[in-house]
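Q: After the structure tokens below, expect a handful of questions from me.
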Amino acid sequence: MIFRYFQFMELKKEIRKEVRRRINKLYDAEKLSVSKHIFDHIEHMSVFGKARCIALFAAMGDEVPTRWTLDRWPKLGKRIVVPRVEGDVMRFYDYSPDRMQTGAYGIEEPMGDEECPVRDIDLIIVPARAFTRRGERLGRGGGFYDKYMSLAEFRAHKTGICFECQLFDELPVAEHDVLVDEVVAR
């Protein structure tokens, strides 16, 4: 049993390493083009049209860029909330470009004081190191999104986004891993 656990963890580690290698081959202009296609697609989804409050993330350099979307969606009448890691918990706060700071893990996080209630979020855009088309995901290893999406009050539609090179036919998943409702990749 312990041996299987270590094999499972080693496989996750190898997939993360392979994804990092694949993403490093992408040019910044290519990443931005992919990002625009992904978010244009999301904007045409019915769940986006119905959503009043959307949870999005401030992307790291090896994730689908979100900066232009963070600035665009409020102009479309959407309330945008972004995550902040507080210890071993992730919470969402209103996005304001002038109220962001580098936080845990070197990620841009909001400085707001008023947490967005979990039940207010209609759509959550989820990052990961890798996805399958079935919605399985492999995160960075902290389990923050799995914990958040497992909260009793959580009801949001879950959309994973990634570069095409982050898609796999199969991923090692555990019982506690939360699947997304769909994956948008390009």
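Residues in the structure tokens are numbered from 1 in each chain, the chains being A, B, ... in the order shown, and ligands are numbered from 1 in the order shown.
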Using only C-alpha atoms, tabulate the residues of segment 116-153 of chain A lying at most 9 Å from any atom of segment 3-15 of chain A, each with its closest atom pair and that distance in Å to one decimal, by chain and increasing residue number, as JSON lines.
A:
```
{"residue": "A:Arg129", "atom": "CA", "partner": "A:Ile15", "partner_atom": "CA", "distance": 8.3}
{"residue": "A:Ala130", "atom": "CA", "partner": "A:Ile15", "partner_atom": "CA", "distance": 7.8}
{"residue": "A:Leu138", "atom": "CA", "partner": "A:Lys12", "partner_atom": "CA", "distance": 7.5}
{"residue": "A:Gly141", "atom": "CA", "partner": "A:Lys12", "partner_atom": "CA", "distance": 8.8}
```
Q: So which residues touch Val81 of chain A within 10 Å, counting only C-alpha atoms, skipping near sequence neighbours fewer than 2 positions away, as an mmCIF file with N, CA, C and O atoms, in the first residue's frame?
A:
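The file below, around_35.cif, is the result:
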```cif
data_model
loop_
_atom_site.group_PDB
_atom_site.id
_atom_site.type_symbol
_atom_site.label_atom_id
_atom_site.label_comp_id
_atom_site.auth_asym_id
_atom_site.auth_seq_id
_atom_site.Cartn_x
_atom_site.Cartn_y
_atom_site.Cartn_z
ATOM 1 N N CYS A 53 -21.153 36.382 -10.688
ATOM 2 C CA CYS A 53 -19.876 36.409 -9.966
ATOM 3 C C CYS A 53 -18.997 35.270 -10.496
ATOM 4 O O CYS A 53 -19.391 34.104 -10.463
ATOM 5 N N ILE A 54 -17.800 35.633 -10.963
ATOM 6 C CA ILE A 54 -16.880 34.662 -11.542
ATOM 7 C C ILE A 54 -15.572 34.657 -10.758
ATOM 8 O O ILE A 54 -14.971 35.712 -10.533
ATOM 9 N N ALA A 55 -15.140 33.470 -10.375
ATOM 10 C CA ALA A 55 -13.846 33.301 -9.714
ATOM 11 C C ALA A 55 -12.810 33.014 -10.793
ATOM 12 O O ALA A 55 -12.955 32.078 -11.575
ATOM 13 N N LEU A 56 -11.800 33.845 -10.852
ATOM 14 C CA LEU A 56 -10.721 33.724 -11.807
ATOM 15 C C LEU A 56 -9.418 33.809 -11.018
ATOM 16 O O LEU A 56 -9.434 34.142 -9.829
ATOM 17 N N PHE A 57 -8.302 33.529 -11.633
ATOM 18 C CA PHE A 57 -7.024 33.567 -10.925
ATOM 19 C C PHE A 57 -6.060 34.490 -11.654
ATOM 20 O O PHE A 57 -6.185 34.715 -12.863
ATOM 21 N N LEU A 70 -9.011 39.581 -16.604
ATOM 22 C CA LEU A 70 -9.313 40.197 -15.306
ATOM 23 C C LEU A 70 -9.775 41.640 -15.483
ATOM 24 O O LEU A 70 -10.649 42.113 -14.764
ATOM 25 N N LYS A 78 -19.508 41.726 -14.963
ATOM 26 C CA LYS A 78 -19.262 40.569 -14.097
ATOM 27 C C LYS A 78 -18.485 40.993 -12.853
ATOM 28 O O LYS A 78 -17.559 41.797 -12.933
ATOM 29 N N ARG A 79 -18.882 40.445 -11.722
ATOM 30 C CA ARG A 79 -18.104 40.611 -10.494
ATOM 31 C C ARG A 79 -16.997 39.562 -10.555
ATOM 32 O O ARG A 79 -17.277 38.365 -10.681
ATOM 33 N N PRO A 83 -8.367 34.410 -5.933
ATOM 34 C CA PRO A 83 -7.999 33.708 -4.697
ATOM 35 C C PRO A 83 -6.826 34.318 -3.951
ATOM 36 O O PRO A 83 -5.950 34.948 -4.536
ATOM 37 N N ARG A 84 -6.874 34.077 -2.648
ATOM 38 C CA ARG A 84 -5.746 34.391 -1.768
ATOM 39 C C ARG A 84 -5.557 33.186 -0.862
ATOM 40 O O ARG A 84 -6.523 32.689 -0.281
ATOM 41 N N ARG A 91 -9.210 31.467 -0.145
ATOM 42 C CA ARG A 91 -10.446 32.243 -0.108
ATOM 43 C C ARG A 91 -10.446 33.197 -1.294
ATOM 44 O O ARG A 91 -9.390 33.536 -1.821
ATOM 45 N N PHE A 92 -11.621 33.675 -1.694
ATOM 46 C CA PHE A 92 -11.734 34.583 -2.832
ATOM 47 C C PHE A 92 -12.177 35.966 -2.374
ATOM 48 O O PHE A 92 -13.038 36.099 -1.502
ATOM 49 N N TYR A 93 -11.570 36.987 -3.006
ATOM 50 C CA TYR A 93 -11.846 38.390 -2.701
ATOM 51 C C TYR A 93 -12.028 39.141 -4.012
ATOM 52 O O TYR A 93 -11.514 38.743 -5.051
ATOM 53 N N ASP A 94 -12.730 40.266 -3.952
ATOM 54 C CA ASP A 94 -12.971 41.061 -5.153
ATOM 55 C C ASP A 94 -11.655 41.500 -5.794
ATOM 56 O O ASP A 94 -10.709 41.875 -5.110
ATOM 57 N N TYR A 95 -11.659 41.443 -7.120
ATOM 58 C CA TYR A 95 -10.485 41.848 -7.891
ATOM 59 C C TYR A 95 -10.496 43.343 -8.140
ATOM 60 O O TYR A 95 -11.508 43.918 -8.522
ATOM 61 N N SER A 96 -9.357 43.960 -7.915
ATOM 62 C CA SER A 96 -9.120 45.355 -8.267
ATOM 63 C C SER A 96 -7.641 45.428 -8.655
ATOM 64 O O SER A 96 -6.783 45.050 -7.854
ATOM 65 N N PRO A 110 -5.253 39.322 -4.015
ATOM 66 C CA PRO A 110 -5.965 40.547 -3.638
ATOM 67 C C PRO A 110 -5.681 40.941 -2.192
ATOM 68 O O PRO A 110 -5.441 40.088 -1.343
ATOM 69 N N GLU A 115 -14.233 38.826 2.337
ATOM 70 C CA GLU A 115 -14.235 37.580 1.575
ATOM 71 C C GLU A 115 -15.549 37.416 0.815
ATOM 72 O O GLU A 115 -16.622 37.727 1.321
ATOM 73 N N CYS A 116 -15.455 36.911 -0.402
ATOM 74 C CA CYS A 116 -16.647 36.596 -1.188
ATOM 75 C C CYS A 116 -17.224 35.290 -0.663
ATOM 76 O O CYS A 116 -16.511 34.282 -0.591
ATOM 77 N N ILE A 121 -20.428 32.588 -5.821
ATOM 78 C CA ILE A 121 -19.694 32.325 -7.058
ATOM 79 C C ILE A 121 -20.520 31.422 -7.969
ATOM 80 O O ILE A 121 -20.932 30.338 -7.582
ATOM 81 N N ILE A 124 -16.436 29.206 -11.767
ATOM 82 C CA ILE A 124 -15.045 29.257 -11.319
ATOM 83 C C ILE A 124 -14.164 28.750 -12.460
ATOM 84 O O ILE A 124 -14.442 27.707 -13.052
#
```
Q: In Å to one decimal, how far is atom CA of Val85 of chain A from atom CA of Asn24 of chain A?
A: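 That distance, rounded to one decimal, is 25.7 Å.
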Q: I need the residue nearest Trp73 of chain A from this list: A:Gly106, A:Gly61, A:Gly49, A:Gly139. Use only C-alpha atoms for the distance.
A: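 Selected residue with least distance to Trp73 of chain A: A:Gly49.
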Q: With only C-alpha atoms as the counted atoms, please give the residues lying no more than 12 Å from Asp28 of chain A, apart from itself and same-chain residues fewer than 5 positions off, as a ChimeraX atom specification.
A: /A:23,33-35,61-65
